[in-house]
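Colleague: File query-v8.txt below, compact mmCIF, C-alpha atoms:
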```
# COMPACT_ATOMS: atom_id res chain seq x y z
CA MET A 1 -74.60 -41.56 -134.96
CA ILE A 2 -74.20 -39.49 -138.15
CA LYS A 3 -70.60 -39.08 -139.33
CA PRO A 4 -68.98 -37.32 -142.31
CA ASN A 5 -67.44 -40.68 -143.35
CA ILE A 6 -64.56 -39.20 -145.32
CA PRO A 7 -62.04 -41.87 -146.42
CA GLU A 8 -58.63 -41.81 -144.75
CA THR A 9 -55.74 -40.99 -147.06
CA ASN A 10 -52.08 -39.98 -147.02
CA LEU A 11 -52.95 -36.80 -148.91
CA LYS A 12 -53.32 -33.50 -147.10
CA ARG A 13 -56.98 -32.64 -146.59
CA ILE A 14 -58.38 -29.28 -147.71
CA VAL A 15 -61.85 -28.52 -146.36
CA ILE A 16 -63.78 -25.88 -148.31
CA VAL A 17 -66.78 -24.40 -146.52
CA GLY A 18 -69.19 -22.99 -149.09
CA GLY A 19 -70.26 -23.90 -152.62
CA GLY A 20 -70.58 -20.40 -154.04
CA PHE A 21 -68.55 -18.83 -156.85
CA ALA A 22 -65.29 -18.81 -154.87
CA GLY A 23 -65.66 -22.31 -153.40
CA ILE A 24 -66.61 -23.92 -156.71
CA THR A 25 -63.81 -22.20 -158.61
CA LEU A 26 -61.25 -23.32 -156.03
CA ALA A 27 -62.48 -26.92 -155.95
CA LYS A 28 -62.37 -27.18 -159.76
CA LYS A 29 -58.70 -26.19 -159.69
CA LEU A 30 -57.72 -28.33 -156.71
CA ILE A 31 -59.03 -31.63 -158.08
CA LYS A 32 -56.02 -31.61 -160.41
CA LEU A 33 -53.60 -31.51 -157.44
CA ASP A 34 -52.53 -34.13 -154.89
CA TYR A 35 -54.92 -33.15 -152.12
CA GLN A 36 -58.01 -34.68 -150.64
CA ILE A 37 -60.78 -32.09 -150.99
CA VAL A 38 -63.88 -31.97 -148.84
CA MET A 39 -66.57 -29.42 -149.70
CA ILE A 40 -69.41 -28.78 -147.26
CA ASP A 41 -72.45 -26.60 -147.82
CA LYS A 42 -75.89 -26.36 -146.27
CA ASN A 43 -77.39 -26.70 -149.78
CA ASN A 44 -76.69 -29.44 -152.30
CA TYR A 45 -76.55 -26.91 -155.13
CA HIS A 46 -74.65 -23.89 -156.36
CA GLN A 47 -76.90 -20.86 -156.96
CA PHE A 48 -76.24 -18.07 -159.43
CA GLN A 49 -77.06 -15.08 -157.23
CA PRO A 50 -76.95 -12.34 -159.90
CA LEU A 51 -80.16 -13.72 -161.40
CA LEU A 52 -82.09 -14.28 -158.17
CA TYR A 53 -84.15 -11.17 -158.90
CA GLN A 54 -85.47 -12.82 -162.07
CA VAL A 55 -86.69 -15.77 -160.00
CA ALA A 56 -88.35 -13.30 -157.63
CA THR A 57 -90.19 -11.58 -160.49
CA GLY A 58 -91.28 -14.70 -162.38
CA GLY A 59 -88.74 -14.41 -165.19
CA LEU A 60 -86.84 -17.61 -164.42
CA GLU A 61 -87.41 -20.87 -162.61
CA PRO A 62 -85.12 -21.50 -159.63
CA GLY A 63 -83.85 -24.70 -161.24
CA SER A 64 -82.34 -22.74 -164.11
CA ILE A 65 -80.02 -20.72 -161.84
CA ALA A 66 -79.12 -23.59 -159.49
CA TYR A 67 -76.88 -26.54 -160.27
CA PRO A 68 -76.21 -29.69 -158.17
CA LEU A 69 -72.80 -29.62 -156.54
CA ARG A 70 -72.23 -33.30 -157.18
CA LYS A 71 -72.91 -32.87 -160.89
CA ILE A 72 -70.13 -30.28 -161.11
CA PHE A 73 -67.56 -32.88 -160.02
CA PRO A 74 -68.59 -36.21 -161.56
CA SER A 75 -66.24 -39.19 -161.17
CA HIS A 76 -63.58 -37.34 -159.20
CA LYS A 77 -62.41 -39.62 -156.40
CA ASN A 78 -60.38 -37.04 -154.48
CA ILE A 79 -63.29 -34.69 -153.78
CA HIS A 80 -66.03 -35.45 -151.25
CA ILE A 81 -69.17 -33.33 -150.94
CA ARG A 82 -71.22 -33.31 -147.75
CA LEU A 83 -74.48 -31.57 -146.98
CA ALA A 84 -73.84 -29.95 -143.61
CA GLU A 85 -73.78 -26.77 -141.57
CA VAL A 86 -70.72 -25.63 -139.63
CA LYS A 87 -71.47 -25.30 -135.92
CA GLY A 88 -67.99 -24.19 -134.90
CA ILE A 89 -64.28 -24.24 -135.69
CA ASP A 90 -61.60 -25.50 -133.32
CA THR A 91 -58.48 -23.85 -134.70
CA ILE A 92 -56.22 -25.49 -132.12
CA SER A 93 -57.28 -29.09 -132.78
CA GLN A 94 -57.83 -28.31 -136.47
CA HIS A 95 -61.34 -29.66 -136.82
CA LEU A 96 -64.85 -28.48 -137.60
CA GLU A 97 -67.94 -29.27 -135.61
CA THR A 98 -70.72 -29.74 -138.16
CA SER A 99 -74.31 -30.90 -138.25
CA ILE A 100 -73.04 -34.30 -139.45
CA GLY A 101 -70.24 -34.64 -136.94
CA HIS A 102 -66.57 -33.98 -136.37
CA LEU A 103 -64.37 -33.17 -139.42
CA ASN A 104 -60.58 -32.77 -139.31
CA TYR A 105 -58.65 -30.60 -141.72
CA ASP A 106 -55.05 -29.90 -142.70
CA TYR A 107 -56.06 -26.76 -144.55
CA LEU A 108 -59.33 -24.90 -144.14
CA VAL A 109 -60.86 -22.49 -146.67
CA ILE A 110 -63.78 -20.30 -145.61
CA ALA A 111 -65.86 -19.41 -148.68
CA THR A 112 -69.21 -18.86 -146.97
CA GLY A 113 -70.12 -15.67 -148.81
CA ALA A 114 -72.41 -13.04 -147.39
CA VAL A 115 -75.91 -12.61 -146.02
CA THR A 116 -78.25 -9.64 -145.84
CA ASN A 117 -77.16 -6.98 -143.36
CA PHE A 118 -80.09 -5.23 -141.64
CA PHE A 119 -77.67 -3.20 -139.48
CA GLY A 120 -79.33 -4.23 -136.24
CA ASN A 121 -82.84 -3.11 -137.19
CA ALA A 122 -85.03 -5.83 -135.68
CA ASN A 123 -88.22 -4.69 -137.44
CA MET A 124 -86.49 -4.63 -140.80
CA GLU A 125 -85.12 -8.11 -140.23
CA LYS A 126 -88.59 -9.34 -139.28
CA TYR A 127 -90.72 -7.73 -141.99
CA ALA A 128 -88.43 -6.95 -144.95
CA PHE A 129 -87.35 -9.38 -147.67
CA GLY A 130 -83.75 -10.14 -148.55
CA MET A 131 -82.34 -11.33 -151.86
CA LYS A 132 -79.44 -13.66 -151.11
CA SER A 133 -80.90 -17.12 -151.70
CA VAL A 134 -83.32 -19.04 -153.91
CA ALA A 135 -85.63 -19.45 -150.91
CA GLU A 136 -85.79 -15.69 -150.37
CA ALA A 137 -86.43 -15.08 -154.06
CA LEU A 138 -89.32 -17.56 -154.05
CA ASP A 139 -90.76 -15.94 -150.91
CA LEU A 140 -90.68 -12.53 -152.58
CA ARG A 141 -92.32 -13.87 -155.74
CA SER A 142 -95.05 -15.53 -153.71
CA ILE A 143 -95.88 -12.50 -151.58
CA ILE A 144 -96.04 -10.17 -154.59
CA LEU A 145 -98.52 -12.43 -156.36
CA GLN A 146 -100.44 -13.15 -153.17
CA ASN A 147 -100.84 -9.43 -152.53
CA PHE A 148 -102.51 -8.91 -155.89
CA GLU A 149 -104.78 -11.88 -155.33
CA GLU A 150 -105.74 -10.36 -151.97
CA ALA A 151 -106.17 -6.89 -153.47
CA LEU A 152 -108.94 -8.27 -155.68
CA LEU A 153 -110.96 -9.12 -152.59
CA ILE A 154 -110.58 -5.81 -150.75
CA GLU A 155 -113.02 -2.96 -151.19
CA ASP A 156 -111.13 -0.45 -149.07
CA GLU A 157 -109.11 1.60 -151.55
CA GLU A 158 -106.36 2.54 -149.08
CA LYS A 159 -105.69 -1.09 -148.12
CA ARG A 160 -105.78 -2.14 -151.76
CA ASP A 161 -103.18 0.48 -152.67
CA LEU A 162 -101.05 -0.67 -149.74
CA LEU A 163 -101.02 -4.22 -151.12
CA MET A 164 -99.95 -3.00 -154.56
CA ASN A 165 -97.08 -0.75 -153.46
CA ILE A 166 -93.50 -2.06 -153.41
CA VAL A 167 -90.44 -0.41 -151.86
CA ILE A 168 -86.87 -1.39 -152.72
CA VAL A 169 -84.19 -0.09 -150.35
CA GLY A 170 -80.72 0.05 -151.85
CA GLY A 171 -79.72 1.47 -155.22
CA GLY A 172 -76.91 -0.92 -156.04
CA ALA A 173 -77.10 -3.45 -158.87
CA THR A 174 -79.59 -5.70 -157.05
CA GLY A 175 -81.95 -2.85 -156.18
CA VAL A 176 -81.82 -1.33 -159.65
CA GLU A 177 -82.32 -4.64 -161.42
CA VAL A 178 -85.23 -5.83 -159.28
CA ALA A 179 -86.92 -2.41 -159.53
CA GLY A 180 -86.71 -2.57 -163.30
CA ALA A 181 -88.03 -6.14 -163.39
CA ILE A 182 -91.01 -5.28 -161.17
CA SER A 183 -91.76 -2.25 -163.34
CA GLU A 184 -91.89 -4.49 -166.40
CA MET A 185 -94.24 -6.85 -164.55
CA LYS A 186 -96.46 -3.86 -163.82
CA ARG A 187 -96.48 -2.81 -167.47
CA TYR A 188 -96.64 -6.09 -169.37
CA VAL A 189 -97.75 -8.92 -167.07
CA LEU A 190 -99.88 -7.97 -164.09
CA PRO A 191 -102.60 -6.05 -166.00
CA LYS A 192 -103.29 -9.20 -168.04
CA ASP A 193 -103.60 -11.33 -164.91
CA PHE A 194 -105.55 -8.81 -162.83
CA PRO A 195 -107.60 -6.66 -165.25
CA GLU A 196 -109.92 -5.65 -162.39
CA LEU A 197 -107.12 -3.70 -160.68
CA ASP A 198 -106.06 -0.16 -161.56
CA PHE A 199 -102.29 -0.36 -161.98
CA THR A 200 -101.91 3.39 -162.17
CA LYS A 201 -102.31 3.14 -158.40
CA MET A 202 -99.34 0.77 -158.07
CA ASN A 203 -96.19 2.58 -156.95
CA ILE A 204 -92.63 1.26 -157.09
CA TYR A 205 -90.12 3.12 -154.95
CA LEU A 206 -86.33 2.79 -155.09
CA ILE A 207 -84.63 4.42 -152.11
CA GLU A 208 -80.87 4.94 -151.89
CA SER A 209 -78.98 6.57 -149.02
CA ASN A 210 -76.11 7.69 -151.26
CA GLU A 211 -76.33 10.66 -153.59
CA ARG A 212 -76.87 8.44 -156.60
CA VAL A 213 -77.85 4.92 -157.62
CA LEU A 214 -75.13 2.51 -158.76
CA SER A 215 -72.64 4.56 -156.72
CA ALA A 216 -69.87 2.02 -157.44
CA MET A 217 -70.04 2.99 -161.11
CA SER A 218 -69.28 6.31 -162.79
CA VAL A 219 -71.51 9.37 -162.53
CA GLU A 220 -72.29 8.96 -166.23
CA SER A 221 -73.58 5.39 -165.81
CA SER A 222 -75.40 6.28 -162.60
CA THR A 223 -77.19 9.20 -164.23
CA LYS A 224 -78.16 7.06 -167.21
CA ALA A 225 -79.52 4.29 -164.99
CA LYS A 226 -81.59 6.73 -162.94
CA LYS A 227 -83.08 8.17 -166.12
CA TYR A 228 -84.00 4.68 -167.30
CA LEU A 229 -85.68 3.93 -163.97
CA GLU A 230 -87.68 7.14 -163.88
CA ASN A 231 -88.81 6.69 -167.49
CA MET A 232 -90.13 3.28 -166.41
CA GLY A 233 -92.32 4.94 -163.79
CA ILE A 234 -90.16 4.12 -160.76
CA GLN A 235 -89.96 6.77 -158.07
CA VAL A 236 -86.27 7.11 -157.24
CA PHE A 237 -85.23 8.77 -153.99
CA THR A 238 -81.50 9.34 -153.51
CA ASP A 239 -79.71 10.77 -150.47
CA THR A 240 -82.63 9.32 -148.51
CA ARG A 241 -82.44 7.07 -145.48
CA VAL A 242 -85.04 4.49 -144.45
CA LEU A 243 -85.37 4.37 -140.67
CA ASP A 244 -87.90 1.61 -139.98
CA TYR A 245 -90.58 -0.67 -141.37
CA ASP A 246 -93.38 -2.41 -139.49
CA GLY A 247 -94.80 -4.48 -142.33
CA GLU A 248 -97.09 -1.69 -143.54
CA THR A 249 -95.39 1.67 -143.05
CA VAL A 250 -91.94 2.65 -144.29
CA THR A 251 -90.51 5.37 -142.06
CA ILE A 252 -88.10 7.69 -143.90
CA LYS A 253 -85.84 10.40 -142.53
CA ASP A 254 -87.01 13.93 -143.44
CA ARG A 255 -89.68 12.59 -145.82
CA PRO A 256 -93.29 11.47 -145.53
CA SER A 257 -93.72 7.77 -144.73
CA ILE A 258 -94.79 5.31 -147.42
CA LYS A 259 -97.47 2.65 -147.15
CA ALA A 260 -96.36 -0.63 -148.72
CA ALA A 261 -96.99 -4.31 -148.09
CA VAL A 262 -93.61 -5.35 -149.54
CA LEU A 263 -90.18 -3.96 -148.77
CA LEU A 264 -87.09 -5.51 -150.35
CA TRP A 265 -83.90 -4.75 -148.42
CA ALA A 266 -80.96 -4.57 -150.83
CA ALA A 267 -79.02 -1.97 -148.86
CA GLY A 268 -76.23 -4.03 -147.40
CA ILE A 269 -74.57 -7.38 -146.85
CA LYS A 270 -72.27 -8.84 -144.23
CA GLY A 271 -69.91 -11.77 -144.18
CA ALA A 272 -71.32 -15.14 -143.13
CA VAL A 273 -68.55 -16.01 -140.68
CA PRO A 274 -68.66 -19.41 -138.93
CA THR A 275 -68.23 -19.34 -135.16
CA GLY A 276 -64.84 -20.16 -133.73
CA PHE A 277 -62.71 -17.16 -134.63
CA ASN A 278 -61.57 -14.59 -132.10
CA THR A 279 -63.24 -11.20 -132.40
CA GLU A 280 -59.87 -9.65 -133.31
CA VAL A 281 -60.03 -11.51 -136.61
CA ILE A 282 -63.43 -10.08 -137.54
CA THR A 283 -63.53 -6.59 -139.03
CA ARG A 284 -66.00 -4.20 -140.68
CA GLY A 285 -68.90 -5.81 -142.47
CA ASN A 286 -68.39 -8.96 -140.38
CA ARG A 287 -65.57 -10.04 -142.68
CA ILE A 288 -62.43 -12.02 -141.82
CA LYS A 289 -59.09 -10.23 -141.80
CA CYS A 290 -56.68 -11.83 -144.23
CA ASN A 291 -53.18 -11.14 -145.46
CA GLN A 292 -52.24 -10.73 -149.11
CA TYR A 293 -52.26 -14.52 -149.57
CA ASN A 294 -55.82 -14.86 -148.23
CA GLN A 295 -54.49 -16.44 -145.04
CA VAL A 296 -56.63 -15.58 -142.02
CA ASP A 297 -54.72 -13.36 -139.59
CA GLY A 298 -52.73 -15.50 -137.19
CA PHE A 299 -53.05 -18.76 -139.16
CA GLU A 300 -50.95 -20.32 -141.88
CA ASN A 301 -53.37 -23.14 -142.73
CA ILE A 302 -56.70 -21.27 -142.68
CA PHE A 303 -57.78 -19.15 -145.64
CA ALA A 304 -60.81 -17.03 -146.51
CA ILE A 305 -61.90 -16.10 -150.03
CA GLY A 306 -64.81 -14.27 -151.60
CA ASP A 307 -67.28 -11.97 -149.87
CA VAL A 308 -66.25 -13.09 -146.40
CA ALA A 309 -62.56 -12.16 -146.88
CA PHE A 310 -61.14 -8.73 -146.06
CA ILE A 311 -57.74 -7.80 -147.48
CA THR A 312 -56.42 -4.27 -147.14
CA THR A 313 -53.75 -2.82 -149.40
CA SER A 314 -52.81 0.67 -150.50
CA GLU A 315 -55.16 0.18 -153.44
CA THR A 316 -57.97 -1.38 -151.39
CA PRO A 317 -58.00 0.32 -147.96
CA ASN A 318 -61.64 -0.71 -147.48
CA GLY A 319 -61.19 -4.23 -148.76
CA HIS A 320 -62.17 -5.61 -152.15
CA PRO A 321 -65.71 -5.22 -153.51
CA GLN A 322 -68.01 -8.10 -152.54
CA VAL A 323 -68.66 -9.33 -156.06
CA ALA A 324 -68.22 -12.72 -157.73
CA PRO A 325 -65.14 -11.86 -159.86
CA VAL A 326 -63.12 -11.05 -156.72
CA GLY A 327 -63.90 -14.40 -155.13
CA MET A 328 -63.20 -16.31 -158.33
CA GLN A 329 -59.85 -14.57 -158.85
CA GLN A 330 -58.92 -15.21 -155.21
CA ALA A 331 -59.79 -18.87 -155.74
CA ASP A 332 -57.56 -19.02 -158.82
CA ASN A 333 -54.66 -17.47 -156.91
CA LEU A 334 -55.19 -19.71 -153.88
CA SER A 335 -55.23 -22.86 -156.01
CA ASN A 336 -51.89 -21.82 -157.47
CA ASN A 337 -50.58 -21.27 -153.95
CA PHE A 338 -51.72 -24.73 -152.86
CA ASP A 339 -49.73 -26.09 -155.80
CA ARG A 340 -46.74 -24.04 -154.64
CA LEU A 341 -47.10 -25.46 -151.13
CA LEU A 342 -46.72 -28.97 -152.56
CA LYS A 343 -43.53 -27.83 -154.29
CA ASN A 344 -42.21 -25.92 -151.24
CA LYS A 345 -42.31 -22.65 -153.15
CA PRO A 346 -43.20 -19.26 -151.63
CA LEU A 347 -46.79 -18.07 -151.89
CA VAL A 348 -47.86 -15.43 -154.41
CA ALA A 349 -49.86 -12.41 -153.24
CA PHE A 350 -53.38 -11.86 -154.56
CA LYS A 351 -53.95 -8.92 -156.87
CA TYR A 352 -57.40 -8.14 -158.18
CA PHE A 353 -57.91 -7.29 -161.83
CA ASP A 354 -61.13 -5.32 -162.27
CA LYS A 355 -62.66 -6.28 -165.61
CA GLY A 356 -65.49 -3.77 -165.26
CA SER A 357 -69.05 -3.44 -163.99
CA MET A 358 -72.50 -3.76 -165.47
CA ALA A 359 -76.14 -3.56 -164.45
CA THR A 360 -79.38 -4.03 -166.32
CA VAL A 361 -82.45 -1.90 -165.73
CA GLY A 362 -84.90 -3.62 -168.03
CA ARG A 363 -85.70 -4.50 -171.61
CA ASN A 364 -83.02 -3.00 -173.90
CA LYS A 365 -81.67 -0.94 -171.00
CA ALA A 366 -78.35 -1.51 -169.22
CA VAL A 367 -75.11 0.24 -168.35
CA VAL A 368 -71.65 -1.25 -168.84
CA GLU A 369 -68.19 -0.03 -167.85
CA MET A 370 -65.05 -1.77 -169.09
CA SER A 371 -61.79 0.10 -168.44
CA ILE A 372 -62.24 3.49 -170.14
CA LEU A 373 -65.19 2.25 -172.18
CA LYS A 374 -68.65 3.21 -170.94
CA PHE A 375 -71.88 2.59 -172.80
CA GLY A 376 -75.56 1.99 -172.23
CA GLY A 377 -78.79 1.02 -173.95
CA PHE A 378 -79.44 -1.97 -176.18
CA ILE A 379 -75.80 -2.95 -176.82
CA ALA A 380 -75.06 -2.81 -173.10
CA TRP A 381 -78.13 -4.94 -172.45
CA LEU A 382 -76.92 -7.56 -174.92
CA ALA A 383 -73.47 -7.51 -173.30
CA TRP A 384 -75.03 -7.97 -169.86
CA MET A 385 -77.06 -10.96 -171.09
CA PHE A 386 -74.07 -12.59 -172.78
CA VAL A 387 -71.77 -12.26 -169.75
CA HIS A 388 -74.39 -13.61 -167.34
CA LEU A 389 -75.41 -16.43 -169.65
CA MET A 390 -71.82 -17.60 -170.08
CA SER A 391 -71.27 -17.46 -166.31
CA ILE A 392 -74.08 -19.92 -165.57
CA VAL A 393 -72.92 -23.39 -164.52
CA GLY A 394 -74.15 -26.14 -166.84
CA PHE A 395 -75.08 -26.18 -170.53
CA ARG A 396 -78.66 -27.22 -169.75
CA ASN A 397 -79.15 -24.20 -167.51
CA ARG A 398 -77.70 -21.87 -170.14
CA LEU A 399 -80.03 -23.27 -172.76
CA ALA A 400 -83.06 -23.06 -170.45
CA ILE A 401 -82.31 -19.43 -169.58
CA LEU A 402 -81.71 -18.47 -173.21
CA MET A 403 -85.03 -20.02 -174.28
CA THR A 404 -86.90 -18.37 -171.37
CA TRP A 405 -85.35 -14.98 -172.06
CA SER A 406 -86.26 -15.30 -175.75
CA TYR A 407 -89.84 -16.22 -174.91
CA ASN A 408 -90.17 -13.35 -172.44
CA TYR A 409 -88.67 -10.87 -174.87
CA PHE A 410 -90.79 -11.66 -177.90
CA ARG A 411 -94.02 -12.37 -176.01
CA TYR A 412 -93.72 -9.49 -173.53
CA ASP A 413 -94.50 -12.04 -170.88
CA GLN A 414 -93.13 -13.79 -167.81
CA ALA A 415 -94.74 -17.20 -167.76
CA LEU A 416 -93.58 -18.33 -164.32
CA ARG A 417 -96.19 -16.57 -162.23
CA LEU A 418 -96.56 -19.42 -159.77
CA ILE A 419 -97.26 -19.32 -156.05
CA ILE A 420 -95.45 -22.57 -155.38
CA ARG A 421 -95.17 -22.19 -151.63
CA PRO A 422 -97.53 -19.55 -150.19
CA PHE A 423 -95.76 -17.10 -147.94
CA GLU A 424 -97.35 -16.52 -144.53
CA ARG A 425 -97.59 -12.80 -143.96
CA LYS A 426 -95.88 -11.72 -140.75
CA LYS A 427 -98.39 -8.97 -140.06
CA LYS A 428 -102.10 -9.10 -140.84
CA PHE A 429 -103.88 -6.03 -142.13
CA ASN A 430 -106.56 -4.63 -139.86
```
Represent the supplied structure as structure tokens.
Modeller:
Amino acid sequence: MIKPNIPETNLKRIVIVGGGFAGITLAKKLIKLDYQIVMIDKNNYHQFQPLLYQVATGGLEPGSIAYPLRKIFPSHKNIHIRLAEVKGIDTISQHLETSIGHLNYDYLVIATGAVTNFFGNANMEKYAFGMKSVAEALDLRSIILQNFEEALLIEDEEKRDLLMNIVIVGGGATGVEVAGAISEMKRYVLPKDFPELDFTKMNIYLIESNERVLSAMSVESSTKAKKYLENMGIQVFTDTRVLDYDGETVTIKDRPSIKAAVLLWAAGIKGAVPTGFNTEVITRGNRIKCNQYNQVDGFENIFAIGDVAFITTSETPNGHPQVAPVGMQQADNLSNNFDRLLKNKPLVAFKYFDKGSMATVGRNKAVVEMSILKFGGFIAWLAWMFVHLMSIVGFRNRLAILMTWSYNYFRYDQALRLIIRPFERKKKFN
């Protein structure tokens, strides 16, 4: 029988579920304290989600944005990493049921992040692509390239155009960035690979239900980003709602439908909550209600941090934004509170410090907001690259990404146009 096989110790055991930004940041801090730390994740690597879109568009290899969890914590005897999935939580007996067996905890930290939210649309969940994991990014890259390979073989012009069209739903940072990256593929890369195809027939649509793209940023930055997108040939529809998608036809409220073989859903996320909590603890966006110390409502020894946590204050009545800096700052605060628990000191409430927002649209095009400072263009693009490069885990990965970005920039190319694992289309064309 498979067992977690965690050594017994006199130290209190903290189990961290999830190896994302929040989980990794917390574990790095806790290894300096007198606790036994157990981290479990269904993957054996940490993935840098902000650059998943570059994997999907052939700009980066998946290995350059992923880093082995065990390599992050070499030679630390008080941390134990296990590859497992949580099947359930018994909050009374204080243990987890996992795919590798029964695991007790003294303190439990839920840092499971978020998954794509299709808002109950079964067709969308079946036919659309998400962008929350390396696997999903590779699937999207494969289907885009496969569609162009298939388009070469089709004589019917309508079906060929269908294969070339791409729809992105959601005008947040992910939607804007992937739309820009696909546009640059259309301009610089795909015509060289498929000279027989007429790329003036390829349409890229970005559809946002709010009145503007990048709605979390200022009107100035939003307007600038939309202008960038439209100048790149992307058709931007704002205040527009997508109703359904059957793998070929995108149904839109109060607008003509669109024919497209690929739809990327970047219009919402929801917390990835393990089973075992009462429904009263789960709130909007499938997030876990927490107090100001990140303690789950009703529990003193269970915490939630990152995208899955929901803390309401007078300043954040709708919870904190589901972005990496929030989770990392919550992890910092929680690690300090675990230290205070050892010293029998009162806990300190979490307070988020917003350092700003940024999004890139394409080559030499980005928007950045830092406090009262707002700017765009080439300088913003350089700032975006620097911040993301420095946030990558591992020197080797930073170097690999820098070299790849330099090659892509000066050669106007994306060399990683590989169909590594062919994606089986869920609906065949008639």
Colleague: For region 403-417 of chain A, find every residue with an atom within 9 Å (counting only C-alpha atoms), except residues of its own chain fewer than 6 positions away, and show them as a list in words.
Modeller: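 Listing them by chain and then by number gives Val55, Thr57, Gly58, Gly59, Leu60, Glu61, Arg141, Ser142, Leu145, Glu184, Met185, Tyr188, Val189 and Arg363 of chain A.
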Colleague: With 10 Å as the cut-off and all atoms listed in the file counted, what is the closest atom pair between each nearby residue of region 255-285 of chain A and region 96-115 of chain A? Distances in Å to one decimal, ordered by chain and number, as a Markdown table.
Modeller:
```
| residue | atom | partner | partner_atom | distance |
| --- | --- | --- | --- | --- |
| A:Gly268 | CA | A:Val115 | CA | 8.7 |
| A:Ile269 | CA | A:Val115 | CA | 5.5 |
| A:Lys270 | CA | A:Ala114 | CA | 5.3 |
| A:Gly271 | CA | A:Ala114 | CA | 4.3 |
| A:Ala272 | CA | A:Ala114 | CA | 4.9 |
| A:Val273 | CA | A:Thr112 | CA | 6.9 |
| A:Pro274 | CA | A:Thr112 | CA | 8.1 |
| A:Thr275 | CA | A:Glu97 | CA | 9.9 |
| A:Gly276 | CA | A:Leu96 | CA | 9.2 |
| A:Gly285 | CA | A:Ala114 | CA | 9.4 |
```
Colleague: May I have the selected residues written with C-alpha atoms, as a PDB file, in the frame of the given file?
Modeller:
```pdb
ATOM      1  CA  GLY A 268     -76.230  -4.030-147.400  1.00  0.00           C
ATOM      2  CA  ILE A 269     -74.570  -7.380-146.850  1.00  0.00           C
ATOM      3  CA  LYS A 270     -72.270  -8.840-144.230  1.00  0.00           C
ATOM      4  CA  GLY A 271     -69.910 -11.770-144.180  1.00  0.00           C
ATOM      5  CA  ALA A 272     -71.320 -15.140-143.130  1.00  0.00           C
ATOM      6  CA  VAL A 273     -68.550 -16.010-140.680  1.00  0.00           C
ATOM      7  CA  PRO A 274     -68.660 -19.410-138.930  1.00  0.00           C
ATOM      8  CA  THR A 275     -68.230 -19.340-135.160  1.00  0.00           C
ATOM      9  CA  GLY A 276     -64.840 -20.160-133.730  1.00  0.00           C
ATOM     10  CA  GLY A 285     -68.900  -5.810-142.470  1.00  0.00           C
TER      11      GLY A 285
END
```
Colleague: Using only C-alpha atoms, which residue out of A:Val393, A:Ser218, A:Val38, A:Asn337 lies closest to Lys12 (chain A)?
Modeller: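 The answer is A:Val38, which sits nearest to Lys12 (chain A).
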Colleague: Please list, as a VMD selection string, the residues that have an atom at most 12 Å away from (-68.7, -31.8, -163.8) in the coordinates of this file, counting all atoms listed in the file.
Modeller: chain A and resid 24 to 25 27 to 28 31 67 to 76 79 393 to 395
Colleague: Just to be explicit: take each residue in the selection above, keep C-alpha atoms, and write the result as a CSV table (one decimal), keeping the file's coordinate frame.
Modeller:
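Full text of out.csv as output:
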```csv
chain,number,residue,atom,x,y,z
A,24,ILE,CA,-66.6,-23.9,-156.7
A,25,THR,CA,-63.8,-22.2,-158.6
A,27,ALA,CA,-62.5,-26.9,-156.0
A,28,LYS,CA,-62.4,-27.2,-159.8
A,31,ILE,CA,-59.0,-31.6,-158.1
A,67,TYR,CA,-76.9,-26.5,-160.3
A,68,PRO,CA,-76.2,-29.7,-158.2
A,69,LEU,CA,-72.8,-29.6,-156.5
A,70,ARG,CA,-72.2,-33.3,-157.2
A,71,LYS,CA,-72.9,-32.9,-160.9
A,72,ILE,CA,-70.1,-30.3,-161.1
A,73,PHE,CA,-67.6,-32.9,-160.0
A,74,PRO,CA,-68.6,-36.2,-161.6
A,75,SER,CA,-66.2,-39.2,-161.2
A,76,HIS,CA,-63.6,-37.3,-159.2
A,79,ILE,CA,-63.3,-34.7,-153.8
A,393,VAL,CA,-72.9,-23.4,-164.5
A,394,GLY,CA,-74.2,-26.1,-166.8
A,395,PHE,CA,-75.1,-26.2,-170.5
```
Colleague: So how many Å separate CA of Gly19 (chain A) and CA of Gln36 (chain A), to one decimal?
Modeller: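 Going from CA of Gly19 (chain A) over to CA of Gln36 (chain A) covers 16.4 Å.
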Colleague: From the options A:Arg284, A:Val296, A:Leu341, A:Gly233, which residue's atoms come nearest to Pro317 (chain A), counting only C-alpha atoms?
Modeller: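 Comparing A:Arg284, A:Val296, A:Leu341, A:Gly233 against Pro317 (chain A), the winner is A:Arg284.
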Colleague: Can you tell me which residues surround region 255-267 of chain A at a distance of at most 6 Å, considering only C-alpha atoms, apart from same-chain residues fewer than 5 positions away, and format the answer as a list in words?
Modeller: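 Non-adjacent residues within range: Ala128, Phe129, Gly130, Leu162, Leu163, Asn165, Ile166, Val167, Ile168, Val169, Gly170, Gly175, Glu248, Thr249 and Val250 of chain A.
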Colleague: Could you check how far CA of Arg187 (chain A) sits from CA of Lys374 (chain A), in Å to one decimal?
Modeller: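 Result for CA of Arg187 (chain A) versus CA of Lys374 (chain A): 28.7 Å, one decimal.
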Colleague: Quick one: residues within 10 Å of region 356-362 of chain A, all atoms listed in the file, excluding same-chain residues fewer than 5 positions away - as a PyMOL selection string?
Modeller: chain A and resi 50+172-184+214+216-218+221+225-226+228-229+232+323+325+367-378+380-385+387
